[in-house]
>>> print(open('run-v4.txt').read())   # compact mmCIF, C-alpha atoms
# COMPACT_ATOMS: atom_id res chain seq x y z
CA MET A 24 -16.53 -0.55 55.69
CA SER A 25 -18.07 -3.99 55.85
CA LYS A 26 -21.51 -2.75 54.73
CA GLN A 27 -20.00 -0.74 51.84
CA SER A 28 -17.90 -3.67 50.73
CA ALA A 29 -20.91 -5.94 50.74
CA ALA A 30 -22.73 -3.57 48.37
CA LEU A 31 -19.97 -3.73 45.75
CA ALA A 32 -20.34 -6.15 42.85
CA PRO A 33 -17.74 -8.94 42.77
CA SER A 34 -16.42 -7.59 39.42
CA TYR A 35 -16.69 -4.42 37.40
CA ASP A 36 -19.66 -4.43 35.01
CA PRO A 37 -19.08 -1.69 32.40
CA ALA A 38 -22.45 -2.24 30.69
CA ALA A 39 -24.28 -1.41 33.92
CA ILE A 40 -22.33 1.80 34.58
CA GLU A 41 -20.68 3.39 31.54
CA ARG A 42 -23.72 4.17 29.35
CA GLU A 43 -25.43 6.02 32.19
CA VAL A 44 -22.30 7.93 33.19
CA TYR A 45 -21.49 8.94 29.60
CA ALA A 46 -25.07 10.09 28.98
CA ALA A 47 -24.82 12.29 32.09
CA TRP A 48 -21.51 13.77 30.85
CA GLU A 49 -22.97 14.53 27.44
CA LYS A 50 -26.19 16.02 28.88
CA ALA A 51 -24.17 18.27 31.16
CA GLY A 52 -22.23 19.60 28.16
CA LEU A 53 -18.87 18.63 29.65
CA PHE A 54 -17.33 18.16 26.18
CA ALA A 55 -18.84 21.28 24.58
CA SER A 56 -16.66 24.15 23.44
CA ALA A 57 -17.07 27.68 22.11
CA PRO A 58 -14.65 30.48 21.24
CA GLU A 59 -13.60 32.22 24.42
CA GLU A 60 -11.45 35.35 24.69
CA GLY A 61 -8.34 35.07 26.85
CA ARG A 62 -8.45 31.28 27.14
CA GLU A 63 -5.93 29.09 25.35
CA ALA A 64 -7.53 26.77 22.81
CA PHE A 65 -6.64 23.17 22.02
CA CYS A 66 -8.24 21.38 19.05
CA ILE A 67 -8.10 17.88 17.58
CA LEU A 68 -9.85 17.08 14.31
CA LEU A 69 -10.89 13.42 14.43
CA PRO A 70 -9.69 11.56 11.31
CA PRO A 71 -13.25 10.71 10.22
CA PRO A 72 -14.11 6.98 10.15
CA ASN A 73 -15.57 5.72 6.86
CA VAL A 74 -19.32 5.20 6.90
CA THR A 75 -18.79 1.92 5.03
CA GLY A 76 -18.62 -0.01 8.27
CA THR A 77 -18.14 0.08 12.03
CA LEU A 78 -15.11 0.89 14.15
CA HIS A 79 -12.33 -1.68 14.56
CA MET A 80 -9.45 -2.16 17.00
CA GLY A 81 -7.28 0.33 15.11
CA HIS A 82 -9.92 3.01 15.66
CA ALA A 83 -10.17 2.05 19.34
CA PHE A 84 -6.43 2.54 19.84
CA GLN A 85 -6.35 5.81 17.89
CA HIS A 86 -9.38 7.22 19.71
CA ALA A 87 -7.95 6.28 23.11
CA VAL A 88 -4.80 8.29 22.39
CA MET A 89 -6.72 11.35 21.16
CA ASP A 90 -9.16 11.16 24.09
CA ALA A 91 -6.25 11.07 26.54
CA TYR A 92 -4.82 14.25 24.96
CA ALA A 93 -8.22 15.99 25.00
CA ARG A 94 -8.93 15.15 28.63
CA ALA A 95 -5.41 16.08 29.77
CA GLU A 96 -5.65 19.51 28.13
CA ARG A 97 -9.08 20.11 29.71
CA MET A 98 -7.52 19.39 33.10
CA ARG A 99 -4.86 22.00 32.28
CA GLY A 100 -7.66 24.54 31.84
CA LYS A 101 -7.58 24.88 28.08
CA ASN A 102 -10.63 25.42 25.88
CA VAL A 103 -10.68 21.99 24.19
CA LEU A 104 -12.50 21.00 21.02
CA TRP A 105 -12.33 17.43 19.81
CA GLN A 106 -14.22 17.68 16.52
CA PRO A 107 -16.08 14.45 15.58
CA GLY A 108 -17.37 13.40 12.16
CA THR A 109 -17.60 10.66 9.54
CA ASP A 110 -16.23 10.34 6.01
CA HIS A 111 -18.26 9.60 2.86
CA ALA A 112 -15.67 7.01 1.65
CA GLY A 113 -16.58 7.56 -2.00
CA VAL A 114 -15.60 4.33 -3.78
CA GLY A 115 -16.22 2.04 -0.79
CA THR A 116 -19.69 3.43 -0.10
CA HIS A 117 -20.58 3.32 -3.80
CA ILE A 118 -19.78 -0.41 -3.85
CA VAL A 119 -21.62 -1.26 -0.61
CA VAL A 120 -24.81 0.54 -1.61
CA SER A 121 -24.69 -0.80 -5.17
CA ARG A 122 -24.55 -4.35 -3.82
CA ALA A 123 -27.52 -3.68 -1.55
CA LEU A 124 -29.53 -2.28 -4.48
CA ARG A 125 -28.75 -5.30 -6.64
CA ARG A 126 -30.02 -7.58 -3.88
CA GLU A 127 -33.30 -5.66 -4.20
CA GLY A 128 -33.33 -6.34 -7.94
CA LEU A 129 -32.33 -2.76 -8.86
CA ASP A 130 -29.55 -1.78 -11.25
CA PRO A 131 -27.50 1.12 -9.80
CA GLU A 132 -25.94 1.77 -13.22
CA THR A 133 -29.31 2.70 -14.75
CA MET A 134 -30.82 4.50 -11.75
CA ASP A 135 -31.43 8.23 -11.84
CA ARG A 136 -28.48 9.98 -10.17
CA GLY A 137 -30.71 11.78 -7.69
CA GLU A 138 -32.46 8.56 -6.73
CA PHE A 139 -29.15 6.75 -6.27
CA LEU A 140 -27.73 9.51 -4.09
CA ALA A 141 -30.90 9.54 -1.98
CA ARG A 142 -30.48 5.81 -1.33
CA VAL A 143 -26.83 6.30 -0.42
CA ARG A 144 -27.69 9.03 2.09
CA GLU A 145 -30.41 6.83 3.58
CA TRP A 146 -27.86 4.03 4.04
CA LYS A 147 -25.26 6.45 5.40
CA GLU A 148 -27.55 7.62 8.21
CA GLY A 149 -27.71 4.12 9.66
CA SER A 150 -23.97 3.50 9.40
CA ALA A 151 -22.95 6.87 10.85
CA SER A 152 -25.38 6.36 13.74
CA ALA A 153 -23.72 3.03 14.59
CA ILE A 154 -20.29 4.68 14.60
CA GLY A 155 -21.57 7.40 16.96
CA VAL A 156 -22.86 4.76 19.38
CA GLN A 157 -19.50 2.98 19.32
CA MET A 158 -17.57 6.20 19.97
CA ARG A 159 -19.76 6.99 22.96
CA ARG A 160 -19.24 3.48 24.33
CA LEU A 161 -15.47 4.07 24.01
CA GLY A 162 -15.93 7.20 26.14
CA ASP A 163 -14.77 9.60 23.42
CA SER A 164 -15.04 13.13 24.84
CA CYS A 165 -16.07 14.79 21.56
CA ASP A 166 -18.21 17.89 21.17
CA TRP A 167 -21.19 16.05 19.67
CA ALA A 168 -23.08 19.25 18.95
CA ARG A 169 -20.50 19.84 16.21
CA ASP A 170 -20.71 16.32 14.71
CA CYS A 171 -20.57 16.56 10.91
CA PHE A 172 -20.24 14.55 7.71
CA THR A 173 -17.74 15.24 4.94
CA LEU A 174 -20.51 15.90 2.40
CA ASP A 175 -22.45 18.31 4.66
CA PRO A 176 -22.72 21.87 3.28
CA GLY A 177 -20.00 23.25 5.57
CA PRO A 178 -17.25 20.74 4.77
CA SER A 179 -18.26 20.73 1.08
CA ALA A 180 -17.78 24.50 0.92
CA VAL A 181 -14.32 24.12 2.47
CA VAL A 182 -13.41 21.45 -0.10
CA ARG A 183 -14.48 23.69 -2.98
CA GLU A 184 -12.54 26.62 -1.56
CA ALA A 185 -9.42 24.48 -1.12
CA PHE A 186 -9.75 23.10 -4.66
CA VAL A 187 -10.01 26.57 -6.21
CA ARG A 188 -7.13 27.96 -4.15
CA LEU A 189 -4.87 25.02 -5.05
CA HIS A 190 -5.82 25.44 -8.72
CA GLU A 191 -4.97 29.13 -8.59
CA GLU A 192 -1.61 28.27 -7.02
CA GLY A 193 -0.86 25.80 -9.81
CA LEU A 194 -0.95 22.81 -7.48
CA VAL A 195 -4.19 21.34 -8.87
CA TYR A 196 -4.33 20.78 -12.63
CA ARG A 197 -6.23 18.76 -15.20
CA GLY A 198 -4.40 16.62 -17.72
CA LYS A 199 -4.33 13.39 -19.68
CA ARG A 200 -1.99 11.08 -17.87
CA LEU A 201 -1.57 7.43 -17.05
CA VAL A 202 -3.70 6.46 -14.03
CA ASN A 203 -4.76 3.35 -12.15
CA TRP A 204 -8.06 2.43 -13.81
CA ASP A 205 -10.60 0.02 -12.30
CA PRO A 206 -12.41 -1.70 -15.21
CA LYS A 207 -15.19 -2.93 -12.91
CA LEU A 208 -16.00 0.34 -11.13
CA LEU A 209 -15.10 2.41 -14.23
CA THR A 210 -13.17 4.98 -12.26
CA ALA A 211 -9.64 6.21 -11.71
CA LEU A 212 -8.02 5.23 -8.40
CA ALA A 213 -5.27 6.79 -6.32
CA ASP A 214 -2.18 4.71 -5.55
CA LEU A 215 -3.43 4.15 -1.99
CA GLU A 216 -6.60 2.52 -3.35
CA VAL A 217 -4.56 -0.14 -5.15
CA THR A 218 -3.17 -3.18 -3.36
CA SER A 219 -0.34 -5.22 -4.85
CA ALA A 220 0.41 -8.79 -3.86
CA GLU A 221 2.58 -11.52 -5.33
CA GLU A 222 0.51 -13.95 -7.38
CA GLU A 223 1.12 -16.89 -9.68
CA GLY A 224 1.28 -15.99 -13.34
CA VAL A 225 2.95 -16.89 -16.62
CA MET A 226 5.91 -15.21 -18.30
CA HIS A 227 5.72 -15.45 -22.08
CA HIS A 228 8.89 -15.08 -24.14
CA VAL A 229 8.07 -13.69 -27.58
CA ARG A 230 10.23 -13.17 -30.67
CA TYR A 231 9.97 -9.89 -32.59
CA PRO A 232 11.40 -10.50 -36.11
CA PHE A 233 13.61 -7.87 -37.73
CA ALA A 234 11.65 -5.87 -40.27
CA ASP A 235 14.33 -6.38 -42.95
CA GLY A 236 14.39 -10.15 -42.43
CA ASP A 237 18.12 -10.13 -41.64
CA GLY A 238 18.67 -12.16 -38.46
CA ASP A 239 16.53 -13.87 -35.87
CA GLY A 240 15.07 -10.75 -34.29
CA VAL A 241 14.88 -10.00 -30.56
CA VAL A 242 13.14 -11.84 -27.72
CA ILE A 243 11.20 -10.05 -25.00
CA ALA A 244 9.39 -11.39 -21.92
CA THR A 245 5.92 -10.28 -20.84
CA THR A 246 3.10 -11.32 -18.50
CA ARG A 247 0.59 -9.32 -20.57
CA PRO A 248 0.79 -10.51 -24.20
CA GLU A 249 -2.36 -8.56 -25.12
CA THR A 250 -0.43 -5.28 -24.80
CA ILE A 251 1.99 -6.37 -27.54
CA LEU A 252 -0.53 -5.02 -30.07
CA VAL A 253 0.25 -1.38 -29.17
CA ASP A 254 3.96 -1.59 -28.40
CA GLY A 255 5.85 1.57 -29.32
CA ALA A 256 9.44 0.29 -29.16
CA VAL A 257 11.79 -2.39 -27.91
CA ALA A 258 14.38 -1.02 -25.49
CA VAL A 259 17.85 -2.21 -24.46
CA ALA A 260 20.26 -0.91 -21.82
CA PRO A 261 22.62 1.79 -23.21
CA ASP A 262 25.71 0.06 -21.78
CA ASP A 263 24.77 -3.52 -22.69
CA PRO A 264 27.44 -4.68 -25.20
CA ARG A 265 25.21 -7.55 -26.40
CA HIS A 266 22.61 -5.22 -27.89
CA GLN A 267 24.30 -1.95 -28.76
CA LYS A 268 24.43 -2.93 -32.42
CA LEU A 269 20.65 -3.41 -32.43
CA VAL A 270 19.82 0.20 -31.57
CA GLY A 271 18.17 1.90 -34.53
CA ARG A 272 16.99 -1.31 -36.19
CA MET A 273 13.28 -1.92 -36.80
CA VAL A 274 11.36 -4.97 -35.64
CA ARG A 275 7.91 -6.24 -36.57
CA VAL A 276 5.26 -6.24 -33.83
CA PRO A 277 3.82 -9.78 -33.66
CA CYS A 278 0.16 -10.23 -34.66
CA THR A 279 0.12 -6.80 -36.34
CA GLU A 280 1.33 -5.07 -39.51
CA ARG A 281 3.31 -2.50 -37.53
CA THR A 282 7.07 -2.00 -37.16
CA ILE A 283 8.80 -0.27 -34.22
CA PRO A 284 12.38 0.80 -33.44
CA VAL A 285 14.93 -0.66 -31.04
CA ILE A 286 16.04 2.12 -28.68
CA ALA A 287 18.46 2.46 -25.77
CA ASP A 288 17.11 3.65 -22.41
CA GLU A 289 18.34 3.67 -18.82
CA HIS A 290 15.09 2.01 -17.66
CA VAL A 291 16.22 -1.39 -18.95
CA ASP A 292 17.82 -3.86 -16.53
CA ALA A 293 20.37 -5.71 -18.68
CA SER A 294 20.44 -8.64 -16.22
CA PHE A 295 16.70 -9.38 -16.55
CA GLY A 296 15.67 -11.93 -19.16
CA SER A 297 17.14 -11.32 -22.59
CA GLY A 298 17.98 -7.69 -21.80
CA CYS A 299 15.36 -6.55 -24.32
CA VAL A 300 12.14 -4.94 -23.04
CA LYS A 301 8.90 -4.11 -24.87
CA ILE A 302 7.73 -0.51 -24.38
CA THR A 303 3.94 0.03 -24.18
CA PRO A 304 3.54 3.65 -23.07
CA ALA A 305 -0.27 3.76 -22.83
CA HIS A 306 -0.51 0.72 -20.53
CA ASP A 307 2.56 0.69 -18.27
CA PHE A 308 3.76 3.39 -15.85
CA ASN A 309 7.49 2.79 -16.42
CA ASP A 310 7.00 2.62 -20.18
CA TYR A 311 5.09 5.91 -20.08
CA GLU A 312 8.15 7.55 -18.48
CA VAL A 313 10.36 6.05 -21.22
CA ALA A 314 8.10 7.59 -23.87
CA GLN A 315 8.49 11.00 -22.24
CA ARG A 316 12.24 10.69 -22.85
CA HIS A 317 11.75 9.43 -26.42
CA PRO A 318 9.12 11.56 -28.19
CA GLU A 319 9.42 9.41 -31.34
CA ILE A 320 7.69 6.49 -29.57
CA PRO A 321 3.95 6.36 -30.42
CA VAL A 322 1.56 6.24 -27.45
CA ILE A 323 -1.37 4.07 -28.57
CA GLU A 324 -4.35 3.26 -26.34
CA LEU A 325 -5.56 -0.33 -26.57
CA MET A 326 -8.61 -0.63 -24.30
CA THR A 327 -11.99 0.85 -23.53
CA PRO A 328 -12.77 1.79 -19.90
CA ALA A 329 -14.23 -1.71 -19.45
CA ALA A 330 -10.88 -3.27 -20.52
CA VAL A 331 -12.21 -4.39 -23.92
CA LEU A 332 -9.86 -4.03 -26.90
CA ASN A 333 -10.72 -0.99 -29.01
CA ASP A 334 -10.33 -0.12 -32.70
CA ASN A 335 -6.57 0.42 -32.35
CA ALA A 336 -6.23 -3.35 -32.14
CA PRO A 337 -6.12 -5.45 -35.33
CA ALA A 338 -9.60 -6.54 -36.47
CA ALA A 339 -9.15 -10.09 -35.17
CA TYR A 340 -8.94 -8.86 -31.57
CA ARG A 341 -11.35 -5.91 -31.46
CA GLY A 342 -14.18 -6.24 -28.95
CA LEU A 343 -12.45 -8.96 -26.93
CA ASP A 344 -12.05 -8.71 -23.16
CA ARG A 345 -8.39 -8.28 -22.19
CA TYR A 346 -8.09 -11.86 -20.93
CA ALA A 347 -9.87 -13.38 -23.93
CA ALA A 348 -7.54 -11.35 -26.16
CA ARG A 349 -4.57 -12.66 -24.19
CA GLU A 350 -5.51 -16.27 -24.85
CA LYS A 351 -6.12 -15.64 -28.56
CA ILE A 352 -2.80 -13.82 -28.96
CA ILE A 353 -0.91 -16.64 -27.22
CA ALA A 354 -2.52 -19.15 -29.59
CA ASP A 355 -1.69 -16.97 -32.61
CA LEU A 356 1.92 -16.52 -31.46
CA LYS A 357 2.26 -20.30 -31.28
CA ASP A 358 0.82 -20.71 -34.78
CA GLN A 359 3.26 -18.11 -36.14
CA GLY A 360 6.25 -19.70 -34.41
CA LEU A 361 6.92 -16.53 -32.39
CA LEU A 362 6.22 -17.90 -28.90
CA VAL A 363 9.65 -19.03 -27.68
CA LYS A 364 8.43 -20.39 -24.34
CA SER A 365 5.95 -19.81 -21.50
CA GLU A 366 6.92 -20.51 -17.91
CA PRO A 367 5.38 -20.05 -14.43
CA HIS A 368 6.25 -16.73 -12.89
CA ARG A 369 5.37 -15.07 -9.56
CA TYR A 370 4.96 -11.31 -9.76
CA GLN A 371 3.25 -8.33 -8.13
CA LEU A 372 -0.28 -7.89 -9.45
CA PRO A 373 -2.17 -4.64 -8.67
CA ARG A 374 -5.84 -4.94 -7.76
CA GLY A 375 -8.48 -2.39 -6.84
CA GLU A 376 -8.70 -2.35 -3.05
CA ARG A 377 -12.51 -2.31 -3.15
CA SER A 378 -13.42 -4.19 -6.34
CA GLY A 379 -10.69 -6.85 -6.25
CA VAL A 380 -10.18 -6.75 -10.04
CA VAL A 381 -6.80 -6.26 -11.69
CA VAL A 382 -6.19 -2.55 -12.22
CA GLU A 383 -5.25 -1.44 -15.73
CA PRO A 384 -2.86 1.48 -16.30
CA MET A 385 -4.76 3.74 -18.72
CA LEU A 386 -4.46 7.20 -20.20
CA SER A 387 -7.30 9.33 -18.91
CA ASP A 388 -8.30 12.99 -18.45
CA GLN A 389 -8.24 13.52 -14.69
CA TRP A 390 -7.53 16.13 -12.02
CA PHE A 391 -4.20 15.86 -10.22
CA LEU A 392 -2.50 17.41 -7.21
CA ARG A 393 1.10 18.43 -7.94
CA MET A 394 3.08 16.75 -5.17
CA ALA A 395 6.71 17.87 -5.62
CA PRO A 396 6.36 21.37 -4.07
CA LEU A 397 4.41 19.95 -1.11
CA ALA A 398 6.88 17.09 -0.63
CA GLU A 399 9.80 19.53 -0.56
CA ARG A 400 8.22 21.47 2.31
CA ALA A 401 7.49 18.28 4.26
CA LEU A 402 11.05 17.00 3.75
CA ALA A 403 12.49 20.35 4.85
CA ALA A 404 10.39 20.23 8.03
CA ARG A 405 11.72 16.80 8.98
CA ARG A 406 15.33 17.45 8.06
CA GLY A 407 15.21 20.77 9.90
CA GLY A 408 14.16 19.02 13.12
CA ARG A 409 10.57 20.29 13.23
CA VAL A 410 9.26 16.71 12.91
CA GLU A 411 10.77 13.79 14.81
CA PHE A 412 10.12 10.10 14.13
CA VAL A 413 10.22 7.47 16.87
CA PRO A 414 11.99 5.15 16.20
CA PRO A 415 14.30 7.25 13.97
CA LEU A 416 14.53 4.66 11.17
CA TRP A 417 11.01 5.65 10.04
CA GLY A 418 12.38 9.07 9.16
CA GLY A 419 14.34 7.43 6.35
CA VAL A 420 11.24 5.59 5.14
CA TYR A 421 9.35 8.90 5.14
CA ASP A 422 12.12 10.60 3.16
CA ARG A 423 12.26 7.90 0.49
CA TRP A 424 8.47 7.98 0.11
CA LEU A 425 8.40 11.73 -0.45
CA GLU A 426 11.49 11.75 -2.67
CA ASN A 427 9.77 9.36 -5.10
CA ILE A 428 6.18 10.54 -4.79
CA LYS A 429 4.09 11.04 -7.94
CA ASP A 430 1.31 13.51 -8.62
CA TRP A 431 -1.91 12.40 -6.90
CA CYS A 432 -5.01 11.66 -8.99
CA ILE A 433 -7.87 13.29 -7.04
CA SER A 434 -10.86 12.81 -9.39
CA ARG A 435 -13.23 9.82 -9.47
CA GLN A 436 -15.93 8.79 -11.94
CA ILE A 437 -18.64 8.01 -9.37
CA ASP A 438 -21.72 9.95 -8.27
CA TRP A 439 -21.06 9.77 -4.51
CA GLY A 440 -18.50 12.39 -3.54
CA HIS A 441 -17.54 16.06 -3.75
CA PRO A 442 -18.48 17.55 -7.15
CA ILE A 443 -15.35 19.13 -8.62
CA PRO A 444 -16.02 22.85 -9.24
CA ALA A 445 -14.71 22.68 -12.79
CA TRP A 446 -15.72 25.14 -15.45
CA ARG A 447 -15.39 25.51 -19.21
CA ASP A 448 -15.18 28.68 -21.28
>>> encode(input="run-v4.txt", output="structure tokens")
Amino acid sequence: MSKQSAALAPSYDPAAIEREVYAAWEKAGLFASAPEEGREAFCILLPPPNVTGTLHMGHAFQHAVMDAYARAERMRGKNVLWQPGTDHAGVGTHIVVSRALRREGLDPETMDRGEFLARVREWKEGSASAIGVQMRRLGDSCDWARDCFTLDPGPSAVVREAFVRLHEEGLVYRGKRLVNWDPKLLTALADLEVTSAEEEGVMHHVRYPFADGDGDGVVIATTRPETILVDGAVAVAPDDPRHQKLVGRMVRVPCTERTIPVIADEHVDASFGSGCVKITPAHDFNDYEVAQRHPEIPVIELMTPAAVLNDNAPAAYRGLDRYAAREKIIADLKDQGLLVKSEPHRYQLPRGERSGVVVEPMLSDQWFLRMAPLAERALAARRGGRVEFVPPLWGGVYDRWLENIKDWCISRQIDWGHPIPAWRD
């Protein structure tokens, strides 16, 4: 015992041991799997890490849990496949590679699509390789012979098949709807790609004169004065006694020659501000829903994809960036005596997770996944006891999320990703 003890290092040195041991495991095919008659199978599909970076502590925790399951089921004699792979991370990868190209003096916006995609794949090979090294150092018992990438031919074929099947089932559809639009990346974003945080801003209180000149008009509050130019209505709460007599009257839209009606809608919170709310259907998600209930409200688009005011704006504002237009409109409202007051205001501001710029709600032709039928099945599974949350309070959070879920925008306006198998007659 004394001789053996003397040969042991004073502390465990993983760098001196683990690489060699893991390489021996992999060479021996201990993690390999193949279909086998009469033997129970157990499979885990690794949620593929994005090739935009390297693994972090969250990955380490997640992989440790999955590896424990895989190894335990192997010990029980099951035919185990832990399928590894990496994800193309469309928007994130597009940004990372574009930045690298600009550092080389190249403009990714003017590059040939094939050349750009070749550069992305070249970059991806290095990133995916680093992730594979990290996973091996974690001891992940994956079947590396099956390692794949989400844009490889096999997974791409599966994506196309799923898209077509969902379209045939009426779950995938194309339509012009309000989406989160990133004016820097010039693409639609899903809700999960938008981060909202409370920021300092300014609330501007603006007077809309009555079109007939009888009375002082109504006062609304907005943090985005530039959108005033395409307002479709002013709304009040149906049960607000202060404003019921205003419903049906017409008001003049400041800085324009247009007039719009005062309507009553359940969306309005009578306790907020003056109790009067501007309705801009083409640039606000809640206002878009109001317009669906009131077909008489015009839906007018104000901006180009780059968030520059288009020809629907009065001539004085056309061609201005949204923030330049905001400053000019504020100055013009002051000159016209229609700016009641401006005061500091903290509010939730949505930004593109990758670009960091303020996202603009915009009407756009996109592909969507219809969520309601899928959410109903998921809710039924939980409420029927097939899915259990620990601790239980998260079951309520899950329910509320699915009960209020909106259709998912699944198309992006970038080159790097799965081409949608769309067709035209």
>>> residues_around(input="run-v4.txt", residues="A:His190", least_positions_apart="5", cutoff="10 Å", atoms="only C-alpha atoms", output="number ranges by chain")
A: 184-185, 195-197, 391-393
>>> residues_around(input="run-v4.txt", residues="A:Ile302", least_positions_apart="2", cutoff="12 Å", atoms="only C-alpha atoms", output="count of residues only")
42
>>> residues_around(input="run-v4.txt", residues="stretch 423-425 of chain A", least_positions_apart="4", cutoff="12 Å", atoms="only C-alpha atoms", output="PDB file with C-alpha atoms, keeping the file's coordinate frame")
ATOM      1  CA  MET A 394       3.080  16.750  -5.170  1.00  0.00           C
ATOM      2  CA  ALA A 395       6.710  17.870  -5.620  1.00  0.00           C
ATOM      3  CA  PRO A 396       6.360  21.370  -4.070  1.00  0.00           C
ATOM      4  CA  LEU A 397       4.410  19.950  -1.110  1.00  0.00           C
ATOM      5  CA  ALA A 398       6.880  17.090  -0.630  1.00  0.00           C
ATOM      6  CA  GLU A 399       9.800  19.530  -0.560  1.00  0.00           C
ATOM      7  CA  ARG A 400       8.220  21.470   2.310  1.00  0.00           C
ATOM      8  CA  ALA A 401       7.490  18.280   4.260  1.00  0.00           C
ATOM      9  CA  LEU A 402      11.050  17.000   3.750  1.00  0.00           C
ATOM     10  CA  ALA A 403      12.490  20.350   4.850  1.00  0.00           C
ATOM     11  CA  ARG A 405      11.720  16.800   8.980  1.00  0.00           C
ATOM     12  CA  LEU A 416      14.530   4.660  11.170  1.00  0.00           C
ATOM     13  CA  TRP A 417      11.010   5.650  10.040  1.00  0.00           C
ATOM     14  CA  GLY A 418      12.380   9.070   9.160  1.00  0.00           C
ATOM     15  CA  GLY A 419      14.340   7.430   6.350  1.00  0.00           C
ATOM     16  CA  LYS A 429       4.090  11.040  -7.940  1.00  0.00           C
ATOM     17  CA  ASP A 430       1.310  13.510  -8.620  1.00  0.00           C
TER      18      ASP A 430
END
>>> closest_residue(input="run-v4.txt", among="A:Val143, A:Leu372, A:Leu209, A:Ala87", to="A:Ala330", atoms="only C-alpha atoms")
A:Leu209
>>> atom_distance(input="run-v4.txt", atom1="atom CA of A:Leu53", atom2="atom CA of A:Arg99")
14.6 Å
>>> axis_aligned_box(input="run-v4.txt", around="stretch 97-101 of chain A", padding_each_side="3 Å", output="lines of an AutoDock Vina configuration file")
center_x = -7.0
center_y = 22.1
center_z = 30.6
size_x = 10.2
size_y = 11.5
size_z = 11.0
>>> atom_distance(input="run-v4.txt", atom1="atom CA of A:Val242", atom2="atom CA of A:Val229")
5.4 Å
>>> atom_distance(input="run-v4.txt", atom1="atom CA of A:Ala153", atom2="atom CA of A:Glu376")
23.8 Å
>>> residues_around(input="run-v4.txt", residues="A:Gly162", least_positions_apart="3", cutoff="8 Å", atoms="all atoms listed in the file", output="list in words")
Tyr45, Met158 and Arg159 of chain A
>>> build_atoms(input="run-v4.txt", residues="stretch 183-197 of chain A", atoms="N, CA and C atoms", output="CSV table (one decimal), in the frame of the given file")
chain,number,residue,atom,x,y,z
A,183,ARG,N,-14.5,22.9,-1.8
A,183,ARG,CA,-14.5,23.7,-3.0
A,183,ARG,C,-13.5,24.8,-2.9
A,184,GLU,N,-13.5,25.5,-1.7
A,184,GLU,CA,-12.5,26.6,-1.6
A,184,GLU,C,-11.1,26.1,-1.7
A,185,ALA,N,-10.8,25.0,-1.1
A,185,ALA,CA,-9.4,24.5,-1.1
A,185,ALA,C,-9.0,24.1,-2.6
A,186,PHE,N,-10.0,23.5,-3.3
A,186,PHE,CA,-9.8,23.1,-4.7
A,186,PHE,C,-9.4,24.3,-5.5
A,187,VAL,N,-10.2,25.4,-5.4
A,187,VAL,CA,-10.0,26.6,-6.2
A,187,VAL,C,-8.7,27.2,-5.8
A,188,ARG,N,-8.4,27.3,-4.6
A,188,ARG,CA,-7.1,28.0,-4.2
A,188,ARG,C,-5.9,27.2,-4.7
A,189,LEU,N,-6.0,25.9,-4.6
A,189,LEU,CA,-4.9,25.0,-5.0
A,189,LEU,C,-4.7,25.1,-6.6
A,190,HIS,N,-5.9,25.3,-7.3
A,190,HIS,CA,-5.8,25.4,-8.7
A,190,HIS,C,-5.2,26.8,-9.1
A,191,GLU,N,-5.5,27.8,-8.3
A,191,GLU,CA,-5.0,29.1,-8.6
A,191,GLU,C,-3.5,29.2,-8.3
A,192,GLU,N,-3.0,28.3,-7.4
A,192,GLU,CA,-1.6,28.3,-7.0
A,192,GLU,C,-0.8,27.3,-7.9
A,193,GLY,N,-1.5,26.7,-8.9
A,193,GLY,CA,-0.9,25.8,-9.8
A,193,GLY,C,-0.6,24.4,-9.2
A,194,LEU,N,-1.2,24.1,-8.1
A,194,LEU,CA,-1.0,22.8,-7.5
A,194,LEU,C,-2.0,21.8,-7.9
A,195,VAL,N,-3.2,22.2,-8.3
A,195,VAL,CA,-4.2,21.3,-8.9
A,195,VAL,C,-4.3,21.6,-10.4
A,196,TYR,N,-4.3,20.6,-11.2
A,196,TYR,CA,-4.3,20.8,-12.6
A,196,TYR,C,-5.1,19.6,-13.3
A,197,ARG,N,-5.5,19.8,-14.5
A,197,ARG,CA,-6.2,18.8,-15.2
A,197,ARG,C,-5.4,18.4,-16.4
